[in-house]
>>> print(open('run_5.cif').read())   # mmCIF, C-alpha atoms and all ligand atoms
data_target
#
loop_
_atom_site.label_atom_id
_atom_site.label_comp_id
_atom_site.auth_asym_id
_atom_site.auth_seq_id
_atom_site.Cartn_x
_atom_site.Cartn_y
_atom_site.Cartn_z
CA MET A 227 -70.45 65.87 -72.10
CA ASP A 228 -71.72 62.89 -70.16
CA CYS A 229 -70.31 59.50 -70.97
CA LYS A 230 -73.41 57.83 -69.77
CA THR A 231 -76.52 59.88 -69.32
CA SER A 232 -78.71 56.97 -68.23
CA GLU A 233 -76.81 56.84 -64.97
CA PRO A 234 -78.66 58.63 -62.15
CA ARG A 235 -76.65 61.41 -60.62
CA ARG A 236 -75.02 60.48 -57.39
CA GLY A 237 -73.60 62.90 -54.92
CA PRO A 238 -74.62 65.37 -52.29
CA ARG A 239 -77.90 67.23 -52.34
CA SER A 240 -77.29 70.84 -53.25
CA GLU A 241 -77.69 71.91 -49.61
CA ASP A 242 -75.01 69.40 -48.62
CA THR A 243 -72.28 70.77 -50.87
CA LEU A 244 -69.30 72.54 -49.41
CA PRO A 245 -68.38 76.01 -50.60
CA ALA A 246 -65.81 76.17 -53.39
CA SER A 247 -63.55 77.91 -50.89
CA ALA A 248 -63.23 74.79 -48.71
CA ALA A 249 -59.49 74.33 -48.77
CA SER A 250 -58.72 71.65 -46.26
CA ALA A 251 -60.21 69.29 -43.76
CA VAL A 252 -59.39 67.82 -40.39
CA LYS A 253 -60.83 64.78 -38.70
CA VAL A 254 -61.78 63.53 -35.30
CA VAL A 255 -62.54 59.92 -34.49
CA ILE A 256 -65.37 58.75 -32.29
CA VAL A 257 -64.48 55.31 -31.06
CA GLY A 258 -66.28 52.84 -28.85
CA GLY A 259 -67.95 49.45 -28.61
CA PHE A 260 -71.07 48.29 -30.41
CA GLY A 261 -74.16 50.32 -29.77
CA VAL A 262 -72.43 52.82 -27.55
CA GLY A 263 -73.78 55.78 -29.50
CA LYS A 264 -71.08 56.59 -32.04
CA THR A 265 -73.46 57.13 -34.94
CA THR A 266 -75.87 58.98 -32.68
CA LEU A 267 -73.16 61.40 -31.59
CA VAL A 268 -71.97 61.95 -35.15
CA GLY A 269 -75.55 62.55 -36.27
CA SER A 270 -76.25 64.97 -33.42
CA VAL A 271 -73.60 67.43 -34.48
CA SER A 272 -73.23 66.77 -38.20
CA GLU A 273 -74.54 69.24 -40.75
CA ILE A 274 -75.23 66.37 -43.13
CA ARG A 275 -77.07 63.16 -42.39
CA PRO A 276 -74.39 60.64 -41.42
CA LEU A 277 -72.94 58.84 -44.42
CA THR A 278 -71.26 55.47 -44.55
CA THR A 279 -67.96 54.49 -46.03
CA GLU A 280 -66.71 50.96 -46.17
CA GLU A 281 -63.38 49.32 -45.97
CA THR A 282 -62.51 45.72 -46.65
CA MET A 283 -59.66 43.66 -45.43
CA THR A 284 -58.57 40.16 -46.15
CA GLN A 285 -56.40 38.27 -43.82
CA ALA A 286 -55.00 34.81 -43.86
CA ALA A 287 -57.19 32.89 -41.48
CA VAL A 288 -55.29 31.29 -38.70
CA GLY A 289 -57.09 28.28 -37.42
CA ILE A 290 -56.76 24.71 -36.36
CA ASP A 291 -58.56 23.55 -39.48
CA ASP A 292 -55.65 24.63 -41.64
CA ILE A 293 -54.60 21.10 -42.40
CA ALA A 294 -52.68 20.50 -45.61
CA GLY A 295 -51.25 24.00 -45.30
CA VAL A 296 -54.00 25.51 -47.37
CA GLU A 297 -54.26 29.14 -46.54
CA ARG A 298 -57.77 30.31 -46.10
CA LYS A 299 -58.58 33.95 -46.36
CA THR A 300 -61.18 35.73 -44.38
CA SER A 301 -62.56 38.99 -45.48
CA THR A 302 -63.90 41.65 -43.18
CA THR A 303 -65.89 44.61 -44.32
CA VAL A 304 -66.48 47.38 -41.90
CA ALA A 305 -68.81 50.28 -42.34
CA MET A 306 -67.82 53.56 -40.80
CA ASP A 307 -70.36 56.27 -40.27
CA PHE A 308 -69.22 59.81 -40.57
CA GLY A 309 -70.52 63.33 -40.46
CA ARG A 310 -69.28 66.80 -41.20
CA ILE A 311 -69.12 70.25 -39.65
CA SER A 312 -68.09 73.26 -41.70
CA VAL A 313 -65.85 75.14 -39.32
CA ASN A 314 -65.62 78.17 -41.57
CA ARG A 315 -65.42 78.97 -45.31
CA HIS A 316 -62.07 77.24 -45.59
CA LEU A 317 -61.92 74.51 -42.99
CA VAL A 318 -64.08 71.40 -42.63
CA LEU A 319 -64.19 69.01 -39.69
CA TYR A 320 -65.11 65.39 -40.32
CA LEU A 321 -66.20 63.02 -37.58
CA PHE A 322 -65.73 59.29 -38.03
CA GLY A 323 -67.39 56.74 -35.83
CA THR A 324 -65.41 53.52 -35.67
CA PRO A 325 -65.80 50.31 -33.69
CA GLY A 326 -63.27 49.86 -30.96
CA GLN A 327 -62.92 46.08 -30.97
CA GLU A 328 -59.50 44.79 -31.73
CA ARG A 329 -60.51 43.03 -34.90
CA PHE A 330 -61.40 46.36 -36.47
CA TRP A 331 -58.09 47.96 -35.79
CA PHE A 332 -56.97 47.42 -39.36
CA LEU A 333 -59.15 50.42 -40.08
CA TRP A 334 -57.12 52.53 -37.79
CA ASN A 335 -53.98 53.03 -39.82
CA GLY A 336 -55.41 55.46 -42.31
CA LEU A 337 -58.09 56.71 -40.00
CA PHE A 338 -55.93 57.98 -37.19
CA GLU A 339 -53.22 59.28 -39.44
CA GLY A 340 -53.46 63.02 -39.15
CA ALA A 341 -56.53 62.87 -36.90
CA LEU A 342 -56.66 65.69 -34.38
CA GLY A 343 -57.73 63.31 -31.67
CA ALA A 344 -60.44 60.95 -30.51
CA VAL A 345 -63.50 60.84 -28.34
CA VAL A 346 -63.75 57.47 -26.63
CA LEU A 347 -67.40 56.73 -25.99
CA VAL A 348 -67.74 54.55 -22.95
CA ASP A 349 -70.71 52.47 -21.90
CA THR A 350 -70.32 51.70 -18.22
CA ARG A 351 -72.20 48.43 -18.68
CA ARG A 352 -69.31 47.16 -20.81
CA LEU A 353 -66.32 49.01 -19.57
CA GLU A 354 -63.90 46.32 -20.69
CA VAL A 355 -64.56 47.11 -24.36
CA SER A 356 -62.78 50.41 -23.78
CA PHE A 357 -59.65 48.93 -22.25
CA ASP A 358 -58.03 47.85 -25.48
CA VAL A 359 -59.12 51.01 -27.25
CA ILE A 360 -57.52 53.23 -24.66
CA GLY A 361 -54.31 51.21 -24.66
CA ARG A 362 -54.16 51.34 -28.41
CA LEU A 363 -54.68 55.12 -28.54
CA GLU A 364 -51.98 55.58 -25.94
CA ASP A 365 -49.62 53.39 -27.95
CA ARG A 366 -50.25 55.42 -31.07
CA GLY A 367 -49.96 58.72 -29.23
CA VAL A 368 -53.45 59.80 -30.25
CA PRO A 369 -54.81 62.31 -27.73
CA PHE A 370 -58.29 61.41 -26.52
CA VAL A 371 -61.01 62.33 -24.08
CA ILE A 372 -63.44 59.95 -22.43
CA ALA A 373 -67.15 60.58 -22.89
CA VAL A 374 -69.36 58.39 -20.74
CA ASN A 375 -72.67 57.84 -22.43
CA ALA A 376 -75.49 57.77 -19.95
CA PHE A 377 -77.72 54.78 -20.53
CA PRO A 378 -80.66 54.43 -18.15
CA ASP A 379 -79.76 50.93 -16.90
CA ALA A 380 -76.03 51.61 -16.69
CA PRO A 381 -74.21 51.43 -13.38
CA VAL A 382 -73.27 54.86 -12.12
CA HIS A 383 -69.63 55.39 -11.32
CA SER A 384 -67.94 58.48 -10.06
CA THR A 385 -65.40 60.06 -12.34
CA ALA A 386 -62.68 59.01 -9.90
CA GLU A 387 -63.84 55.38 -10.06
CA LEU A 388 -63.90 55.49 -13.84
CA ARG A 389 -60.46 57.02 -13.98
CA ALA A 390 -59.13 54.26 -11.81
CA ALA A 391 -60.92 51.51 -13.70
CA LEU A 392 -59.70 52.85 -17.03
CA ASP A 393 -56.26 53.62 -15.63
CA LEU A 394 -56.27 57.08 -17.11
CA HIS A 395 -53.58 59.66 -16.93
CA ASP A 396 -54.67 62.53 -14.69
CA SER A 397 -54.78 64.99 -17.54
CA VAL A 398 -57.24 63.00 -19.67
CA PRO A 399 -60.65 64.67 -19.44
CA VAL A 400 -63.63 62.52 -18.50
CA ILE A 401 -67.08 63.85 -19.22
CA HIS A 402 -70.59 62.52 -19.17
CA CYS A 403 -72.64 62.96 -22.26
CA ASP A 404 -75.85 62.11 -23.98
CA ALA A 405 -75.02 61.39 -27.59
CA ARG A 406 -78.63 62.06 -28.59
CA ASP A 407 -78.30 65.65 -27.49
CA ARG A 408 -76.65 68.09 -29.86
CA GLY A 409 -75.38 70.38 -27.14
CA SER A 410 -74.01 67.52 -25.11
CA SER A 411 -72.28 66.01 -28.15
CA ARG A 412 -70.86 69.36 -29.08
CA ASP A 413 -69.56 69.73 -25.52
CA ALA A 414 -67.76 66.40 -25.87
CA LEU A 415 -66.03 67.66 -29.02
CA MET A 416 -65.30 70.97 -27.37
CA THR A 417 -63.72 69.17 -24.42
CA LEU A 418 -61.46 67.34 -26.85
CA MET A 419 -60.51 70.59 -28.58
CA ARG A 420 -59.74 72.33 -25.30
CA TYR A 421 -57.67 69.38 -24.22
CA LEU A 422 -55.76 69.41 -27.51
CA HIS A 423 -55.29 73.11 -27.13
CA THR A 424 -53.83 72.62 -23.67
CA LEU A 425 -51.53 69.93 -24.98
CA ALA A 426 -50.47 72.05 -27.92
CA THR A 427 -49.79 75.15 -25.83
CA ALA A 428 -47.97 73.22 -23.14
CA ASN A 429 -46.30 71.21 -25.88
CA LEU A 430 -46.63 68.14 -23.75
CA GLU A 431 -46.59 64.64 -25.07
CA PRO A 432 -50.07 63.16 -24.66
CA GLN A 433 -50.12 60.27 -22.26
CA MET W 177 -77.75 36.62 -29.83
CA SER W 178 -77.06 33.46 -31.78
CA GLY W 179 -74.21 33.70 -34.21
CA GLU W 180 -73.39 37.23 -33.11
CA PRO W 181 -69.71 37.80 -32.65
CA ALA W 182 -68.73 38.19 -29.05
CA ASP W 183 -68.47 41.85 -28.30
CA GLY W 184 -65.46 42.30 -26.11
CA GLY W 185 -67.21 41.02 -23.01
CA THR W 186 -65.12 37.89 -23.00
CA ASP W 187 -62.19 36.92 -20.90
CA ARG W 188 -59.81 39.00 -22.99
CA ILE W 189 -59.46 41.84 -20.57
CA GLY W 190 -55.71 42.37 -20.26
CA ARG W 191 -55.74 45.85 -21.61
CA ARG W 192 -52.14 46.69 -22.21
CA GLY W 193 -51.33 43.11 -23.12
CA GLY W 194 -53.42 43.21 -26.28
CA GLN W 195 -50.89 42.77 -29.06
CA TRP W 196 -51.34 44.29 -32.42
CA GLU W 197 -51.14 41.33 -34.71
CA GLY W 198 -48.39 42.35 -37.08
CA GLY W 199 -50.21 44.73 -39.38
CA PRO W 200 -52.54 42.78 -41.64
CA GLU W 201 -52.36 43.95 -45.16
CA ARG W 202 -55.14 45.96 -46.56
CA LEU W 203 -56.89 44.64 -49.56
CA TYR W 204 -56.87 47.07 -52.37
CA VAL W 205 -59.87 46.00 -54.34
CA VAL W 206 -58.78 46.74 -57.81
CA SER W 207 -61.19 45.96 -60.58
CA ALA W 208 -59.82 44.26 -63.63
CA GLY W 209 -57.24 46.24 -65.51
CA ARG W 210 -57.23 49.23 -63.23
CA GLY W 211 -53.68 49.14 -62.14
CA ALA W 212 -52.70 51.55 -59.46
CA ARG W 213 -49.77 53.78 -60.31
CA ALA W 214 -46.73 53.33 -58.18
CA ALA W 215 -46.26 56.95 -57.23
CA ARG W 216 -49.81 57.61 -56.18
CA PRO W 217 -50.42 60.65 -54.03
CA GLU W 218 -51.58 59.78 -50.55
CA LEU W 219 -55.31 60.11 -50.40
CA ASP W 220 -56.80 60.47 -46.98
CA LEU W 221 -60.43 59.94 -46.04
CA VAL W 222 -60.66 63.72 -45.68
CA THR W 223 -58.68 64.79 -48.72
CA LEU W 224 -61.00 67.17 -50.55
CA ILE W 225 -61.56 66.39 -54.20
CA VAL W 226 -62.55 69.03 -56.73
CA ALA W 227 -63.24 68.35 -60.39
CA ARG W 228 -61.24 70.34 -62.90
CA GLY W 229 -63.93 70.11 -65.52
CA GLU W 230 -66.77 68.16 -67.01
CA PRO W 231 -66.29 64.48 -67.79
CA GLY W 232 -65.24 63.80 -71.33
CA PRO W 233 -66.65 61.11 -73.63
CA ASP W 234 -63.74 58.81 -72.86
CA CYS W 235 -64.33 58.41 -69.15
CA ARG W 236 -65.99 55.54 -67.43
CA PRO W 237 -69.30 55.89 -65.57
CA GLU W 238 -67.80 55.96 -62.10
CA GLN W 239 -65.22 58.51 -63.20
CA ALA W 240 -68.01 60.63 -64.65
CA ALA W 241 -69.99 60.25 -61.44
CA ILE W 242 -67.03 61.50 -59.44
CA LEU W 243 -66.44 64.46 -61.71
CA HIS W 244 -70.11 65.40 -61.44
CA MET W 245 -70.33 65.12 -57.68
CA CYS W 246 -67.07 66.98 -57.17
CA ASP W 247 -68.04 70.16 -58.92
CA TYR W 248 -67.76 71.48 -55.38
CA PRO W 249 -65.18 70.11 -52.93
CA LEU W 250 -66.05 66.72 -51.47
CA SER W 251 -64.02 64.47 -49.22
CA VAL W 252 -62.84 61.06 -50.37
CA ALA W 253 -65.05 59.59 -47.63
CA GLU W 254 -68.10 61.28 -49.09
CA VAL W 255 -67.22 60.15 -52.61
CA SER W 256 -66.92 56.61 -51.26
CA ALA W 257 -70.27 56.90 -49.50
CA TYR W 258 -72.14 58.31 -52.49
CA LEU W 259 -70.62 55.79 -54.90
CA ARG W 260 -71.14 52.98 -52.38
CA LEU W 261 -67.62 51.79 -53.03
CA PRO W 262 -64.98 50.92 -50.44
CA PHE W 263 -62.45 53.60 -49.65
CA SER W 264 -59.60 51.61 -51.18
CA THR W 265 -61.49 51.19 -54.47
CA VAL W 266 -62.32 54.85 -54.64
CA THR W 267 -58.73 55.87 -54.08
CA VAL W 268 -57.70 53.83 -57.11
CA ILE W 269 -60.22 55.60 -59.33
CA LEU W 270 -59.27 58.96 -57.86
CA ALA W 271 -55.59 58.27 -58.48
CA GLU W 272 -56.35 57.76 -62.18
CA LEU W 273 -58.30 60.99 -62.30
CA LEU W 274 -55.45 62.77 -60.57
CA ASP W 275 -52.95 61.32 -63.02
CA SER W 276 -54.97 62.60 -65.94
CA GLY W 277 -55.38 66.00 -64.31
CA ARG W 278 -59.15 65.81 -64.17
CA ILE W 279 -59.38 66.41 -60.46
CA GLU W 280 -57.56 68.41 -57.86
CA ALA W 281 -56.84 66.99 -54.40
CA ARG W 282 -56.71 69.34 -51.42
CA ALA W 283 -54.68 67.59 -48.77
CA PRO W 284 -55.87 67.54 -45.17
CA LEU W 285 -54.15 69.80 -42.73
CA PRO W 286 -51.33 67.85 -41.21
CA ALA W 287 -51.40 67.14 -37.51
CA ALA W 288 -47.82 65.97 -37.43
CA THR W 289 -47.36 65.69 -33.72
CA LEU W 290 -49.87 67.96 -32.15
CA PRO W 291 -52.36 69.98 -34.11
CA ASP W 292 -51.76 73.58 -34.84
CA ILE W 293 -53.22 75.94 -32.26
CA GLU W 294 -54.81 78.08 -34.93
CA ILE W 295 -56.65 75.08 -36.34
CA LEU W 296 -57.91 74.16 -32.89
CA GLU W 297 -59.09 77.69 -32.24
CA ALA W 298 -60.89 77.75 -35.57
CA VAL W 299 -62.58 74.43 -34.76
CA MET W 300 -63.60 75.64 -31.30
CA HIS W 301 -65.03 78.76 -32.81
CA GLY W 302 -66.90 76.68 -35.35
CA LEU W 303 -68.30 74.40 -32.66
CA GLN W 304 -69.44 77.38 -30.62
CA ASN W 305 -71.49 78.50 -33.58
CA LEU W 306 -73.20 75.13 -34.02
N1 LIG S 501 -79.88 56.62 -23.24
C1 LIG S 501 -79.05 56.86 -24.23
N2 LIG S 501 -79.17 56.16 -25.37
C2 LIG S 501 -78.31 56.41 -26.37
C3 LIG S 501 -77.28 57.36 -26.24
N3 LIG S 501 -76.56 57.37 -27.38
C4 LIG S 501 -77.12 56.46 -28.18
N4 LIG S 501 -78.18 55.89 -27.60
C5 LIG S 501 -79.03 54.86 -28.17
O1 LIG S 501 -78.26 53.68 -28.29
C6 LIG S 501 -78.57 53.01 -29.51
C7 LIG S 501 -77.29 52.75 -30.31
O2 LIG S 501 -76.75 53.98 -30.75
P1 LIG S 501 -75.83 54.09 -32.05
O3 LIG S 501 -75.53 55.52 -32.23
O4 LIG S 501 -76.44 53.37 -33.18
O5 LIG S 501 -74.56 53.32 -31.55
P2 LIG S 501 -73.25 52.93 -32.41
O6 LIG S 501 -72.13 53.04 -31.47
O7 LIG S 501 -73.18 53.73 -33.65
O8 LIG S 501 -73.57 51.44 -32.74
P3 LIG S 501 -72.86 50.48 -33.80
O9 LIG S 501 -72.47 51.30 -34.97
O10 LIG S 501 -73.89 49.46 -34.10
O11 LIG S 501 -71.69 49.88 -33.10
C8 LIG S 501 -79.57 53.85 -30.23
O12 LIG S 501 -80.85 53.33 -30.00
C9 LIG S 501 -79.43 55.21 -29.59
O13 LIG S 501 -80.64 55.92 -29.60
C10 LIG S 501 -77.19 58.09 -25.02
O14 LIG S 501 -76.32 58.95 -24.84
N5 LIG S 501 -78.09 57.80 -24.06
MG MG S 502 -72.95 53.07 -35.68
#
>>> encode(input="run_5.cif", output="structure tokens", more="lines below")
Ligand SMILES: Nc1nc2c(ncn2[C@@H]2O[C@H](COP(=O)(O)OP(=O)(O)OP(=O)(O)O)[C@@H](O)[C@H]2O)c(=O)[nH]1
Ligand SMILES: [Mg+2]
Amino acid sequence: MDCKTSEPRRGPRSEDTLPASAASAVKVVIVGGFGVGKTTLVGSVSEIRPLTTEETMTQAAVGIDDIAGVERKTSTTVAMDFGRISVNRHLVLYLFGTPGQERFWFLWNGLFEGALGAVVLVDTRRLEVSFDVIGRLEDRGVPFVIAVNAFPDAPVHSTAELRAALDLHDSVPVIHCDARDRGSSRDALMTLMRYLHTLATANLEPQ
Amino acid sequence: MSGEPADGGTDRIGRRGGQWEGGPERLYVVSAGRGARAARPELDLVTLIVARGEPGPDCRPEQAAILHMCDYPLSVAEVSAYLRLPFSTVTVILAELLDSGRIEARAPLPAATLPDIEILEAVMHGLQNL
């Protein structure tokens, strides 16, 4: 019996429900700077329209205006877009797009915990945004692949140049992709899975 | 442009030098009176939630909404999105529902160090069929 029938029903459309047999889920993180195509990639391969979940953080603000020792708090809310792929009747893959800038890293604790790996979306016009992200993933031991999103006005670098600029371990795959294209986005995910598979079979520590 | 936060393209380029600033605490937005239990099961963004039954007359609107939308499995992230509530708020409500046995939580597959090969093969197979 409903507690409150006036409330409109919220939840997935019937075509967006998972089968009752869905037993467990895994996740992959799509990480990159603003406007690099995270949501686009998620949307290209997702079986549902991308949804948004929010997280909020407060932090004591450190600043020169902290006279009198009064602690100010700043609050940051970050929206994360995500999508879903039903792998089979039992297993579901979720894809989370998250901003790569350092100030959003508070999101990362829960997000990367148990994640299979990450796709780092790189915009060659702002390569430096990826530096911190890559360092952070390496520190956390999260395996990742690099997907270079092709924007028309972006400088073209060879894979070797990119590898050098990003200081990547030789084994880290670098691919070019168009996040707007379903096949291309799927290939990026597939590259990550193959890479993870190689790591798992070789039982190597990701670098 | 004006007022927009600088987007990385500043002088902060030292990539391995970037220090993680001592783990800022997450804010658990807890509405009045909804104390979180100490021994709360870990809820991940991709923990699948399934209702164990219809909402009773005693439950609050957001609890009822969750029980309705989880008649089939739904991830915590999706519950958060459909309720338009932050993840940390949703986990508090879900913990209460778990405590009272009204929902079941299906934990994500652990990827302790490296993911299981069988999981990866299943995912690759699934992607091939996209
Ligand atoms: N040319 C080209 N444009 C793209 C590609 N991927 C995304 N775009 C465009 O870039 C713009 C930003 O894409 P989003 O997917 O919103 O980027 P985002 O990373 O989610 O952005 P934020 O969430 O705002 O940080 C959109 O207009 C996309 O159509 C790509 O591979 N090639
Ligand atoms: Mg986005």
>>> interface_residues(input="run_5.cif", of="chain A", to="chain W", cutoff="6 Å", atoms="only C-alpha atoms", output="PDB file with C-alpha atoms, in the coordinates of the input")
ATOM      1  CA  MET A 227     -70.450  65.870 -72.100  1.00  0.00           C
ATOM      2  CA  CYS A 229     -70.310  59.500 -70.970  1.00  0.00           C
ATOM      3  CA  GLY A 237     -73.600  62.900 -54.920  1.00  0.00           C
ATOM      4  CA  LEU A 244     -69.300  72.540 -49.410  1.00  0.00           C
ATOM      5  CA  ALA A 246     -65.810  76.170 -53.390  1.00  0.00           C
ATOM      6  CA  SER A 250     -58.720  71.650 -46.260  1.00  0.00           C
ATOM      7  CA  ALA A 251     -60.210  69.290 -43.760  1.00  0.00           C
ATOM      8  CA  VAL A 252     -59.390  67.820 -40.390  1.00  0.00           C
ATOM      9  CA  THR A 278     -71.260  55.470 -44.550  1.00  0.00           C
ATOM     10  CA  THR A 279     -67.960  54.490 -46.030  1.00  0.00           C
ATOM     11  CA  GLU A 280     -66.710  50.960 -46.170  1.00  0.00           C
ATOM     12  CA  GLU A 281     -63.380  49.320 -45.970  1.00  0.00           C
ATOM     13  CA  MET A 283     -59.660  43.660 -45.430  1.00  0.00           C
ATOM     14  CA  THR A 284     -58.570  40.160 -46.150  1.00  0.00           C
ATOM     15  CA  VAL A 313     -65.850  75.140 -39.320  1.00  0.00           C
ATOM     16  CA  GLY A 340     -53.460  63.020 -39.150  1.00  0.00           C
ATOM     17  CA  VAL A 355     -64.560  47.110 -24.360  1.00  0.00           C
ATOM     18  CA  PHE A 357     -59.650  48.930 -22.250  1.00  0.00           C
ATOM     19  CA  ASP A 358     -58.030  47.850 -25.480  1.00  0.00           C
ATOM     20  CA  GLY A 361     -54.310  51.210 -24.660  1.00  0.00           C
ATOM     21  CA  ALA A 426     -50.470  72.050 -27.920  1.00  0.00           C
TER      22      ALA A 426
END
>>> residues_near_ligand(input="run_5.cif", ligand="ligand MG 502 (chain S)", cutoff="9 Å", atoms="all atoms listed in the file", output="list in words")
Phe260, Gly261, Val262, Gly263, Lys264, Thr265, Thr266, Val268, Ala305, Met306, Asp307, Gly323, Thr324 and Pro325 of chain A
>>> write_last_selection(input="run_5.cif", atoms="C-alpha atoms", output="CSV table (one decimal), keeping the file's coordinate frame")
chain,number,residue,atom,x,y,z
A,260,PHE,CA,-71.1,48.3,-30.4
A,261,GLY,CA,-74.2,50.3,-29.8
A,262,VAL,CA,-72.4,52.8,-27.6
A,263,GLY,CA,-73.8,55.8,-29.5
A,264,LYS,CA,-71.1,56.6,-32.0
A,265,THR,CA,-73.5,57.1,-34.9
A,266,THR,CA,-75.9,59.0,-32.7
A,268,VAL,CA,-72.0,62.0,-35.2
A,305,ALA,CA,-68.8,50.3,-42.3
A,306,MET,CA,-67.8,53.6,-40.8
A,307,ASP,CA,-70.4,56.3,-40.3
A,323,GLY,CA,-67.4,56.7,-35.8
A,324,THR,CA,-65.4,53.5,-35.7
A,325,PRO,CA,-65.8,50.3,-33.7
>>> residues_near_ligand(input="run_5.cif", ligand="ligand LIG 501 (chain S)", cutoff="12 Å", atoms="only C-alpha atoms and all ligand atoms", output="ChimeraX atom specification")
/A:256-270,276-278,304-308,322-327,330,346-350,355,373-380,401-411,414 /W:183
>>> atom_distance(input="run_5.cif", atom1="CA of Thr267 in chain W", atom2="CA of Ala341 in chain A")
18.7 Å
>>> atom_distance(input="run_5.cif", atom1="CA of Leu342 in chain A", atom2="CA of Arg315 in chain A")
19.3 Å
>>> atom_distance(input="run_5.cif", atom1="CA of Leu274 in chain W", atom2="CA of Tyr320 in chain A")
22.6 Å
